[in-house]
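Novice: Below you will find the structure I want to go over with you.
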Amino acid sequence: MSATESSYSMHDQLTLALRSSKAGLEEGRRQMRSFLEEHALGARAIQKVELVFEETVTNIIQHGFDALAEHTIEIRITLFAHEIEVVVDDEGRPFDPVAAPEPALPSSLEDAKVGGLGLLLVRRNAKHMAYARTAGRNRTTITIAR
Amino acid sequence: MEMEISEHGAAAAKIALRGRLDAMGVEDIETRFTSTAATGKHALVDLSGVTAITSMGIRLLISTARAMRHRNTKMVLFGAQPFVNETLDHISLHHIIPVLTSEDEALALVRA
């Protein structure tokens with residue numbers, strides 16, 4: 001079984017089932033990029049989606065699970081006329097990226113905290129974010145301008 | 001991710017990065033990058049070939065720059081492409097590591 005399974009359920013929608021590993025993340029990113037390029041999205045929109053995707057999935061892989069066993073992270077990307085919707089579903093521990101406090105920006109090298117930078121980058125690139133915890137699963141919905 | 005090192009006189013080394021400085025990219029270069037930055041020379045990091053940077057890449061830059069400061073050497077970044085520059089700007093990285101446009105500016109700063 002590959003690290004990522006994908007399907008085109010609609011002309012403008014991609015669904016991915018990623019293994020919670022670096023290999024799964026990288027394979028998913030490549031498939032997502034191909035999908036976005038096939039739909040002629042601009043370079044800047046693709047860069048934004050890739051960054052949001054990578055930061056969100058990395059956070060789940062690093063902090064979402066207790067055990068080393070691999071889990072599946074489901075991603076659905078839908079292209080709308082003026083925005084791109086990224087929905088991330090996982091069975092990891094509850095984490096609400098909308099309610100999480102804003103990490104402090106570094107003011108000096110000595111004081112710079114490296115945690116929380118990923119969430120900050122997701123917020124800066126998102127037009128809108130929503131979170132729900134349902135039946136033991138996290139669902140994070142991130143909207144990005146095209 | 002690819003990494004190329006060249007000397008810039010006795011006091012500085014140029015580290016040119018090419019590709020994505022993300023989780024996989026960091027894995028590719030981390031050992032060479034940190035060991036080059038530990039040689040006692042200033043590091044001019046050429047980002048012109050970096051097509052994307054994520055928090056994992058930014059962490060590597062911050063932790064290496066911090067270790068260099070303890071050795072009284074500097075890290076200077078230059079040449080970032082627009083979206084990479086925008087990403088660095090989102091976290092105000094320039095407040096703690098110089099982010100410059102050109103190699104000449106970077107060299108002038110470490111020689112100052």
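Identifiers for the structure tokens are assigned positionally: chains receive A, B, ... in sequence, residues are indexed from 1 per chain, and ligands are indexed from 1 in the order shown.
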Would you list the contacts of Gln81 (chain B) as a list in words, taking every protein, DNA or RNA residue within 9 Å and counting only C-alpha atoms, but skipping same-chain residues closer than 2 positions in sequence?

Specialist: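 Here the answer would be Leu47, Ser48, Gly49, Val50, Thr51, Ala52, Gly79, Phe83, Val84, Asn85 and Glu86 of chain B.
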
Novice: Give me the residues within 12 Å of Val86 (chain A) as a PyMOL selection string, counting only C-alpha atoms and dropping any in the same chain fewer than 4 places off.

Specialist: chain A and resi 13-16+32+48-54+56-57+74-80+122+126-131+139-145

Novice: Kindly provide, as a ChimeraX atom specification, the residues of chain A having any atom no farther than 10 Å from an atom of chain B, counting only C-alpha atoms.

Specialist: /A:22-23,25-26,43-44,47-48,50-52,54-55,58,103-121,123-125

Novice: Smallest atom-to-atom distance to Glu83 (chain A): which of A:Val98, A:Ile60, A:Ile46, A:Leu18, using only C-alpha atoms?

Specialist: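 Closest to Glu83 (chain A) of all the choices is A:Ile46.
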
Novice: For the structure I just gave you, how does DSSP split chain A - specifically, which residues are alpha helix (DSSP H)? Reply as a ChimeraX atom specification.

Specialist: /A:22-38,43-63,117-125

Novice: Hey, what's within 7 Å of Arg137 (chain A) if we count only C-alpha atoms and toss same-chain stuff fewer than 6 positions away? As number ranges by chain, please?

Specialist: A: 89-92

Novice: Determine which residues of region 72-137 of chain A receive a DSSP assignment of strand (DSSP E), computed from the backbone, and state them as a list in words.

Specialist: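 Output for region 72-137 of chain A, strand (DSSP E) only: Thr72, Ile73, Glu74, Ile75, Arg76, Ile77, Thr78, Leu79, Glu83, Ile84, Glu85, Val86, Val87, Val88, Asp89, Asp90, His128, Met129, Ala130, Tyr131, Ala132, Arg133, Thr134 and Arg137 of chain A.
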
Novice: What is the distance, in Å and to one decimal place, between CA of Ser21 (chain A) and CA of Phe65 (chain A)?

Specialist: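 Between CA of Ser21 (chain A) and CA of Phe65 (chain A) the gap is 11.5 Å.
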
Novice: I want to know what sits within 8 Å of region 39-42 of chain B, based on only C-alpha atoms, with residues of the same chain fewer than 5 positions away left out; could you give that as a VMD selection string?

Specialist: chain B and resid 10 to 13 68 71 73 to 75 110

Novice: Just checking: using only C-alpha atoms, which residue out of A:Gly136, A:Glu85, A:His71, A:Ala45 ends up closest to Arg33 (chain A)?

Specialist: A:Ala45

Novice: To one decimal place in Å, what is the distance between CA of Gly42 (chain A) and CA of Met1 (chain B)?

Specialist: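 Going from CA of Gly42 (chain A) over to CA of Met1 (chain B), I get 23.3 Å.
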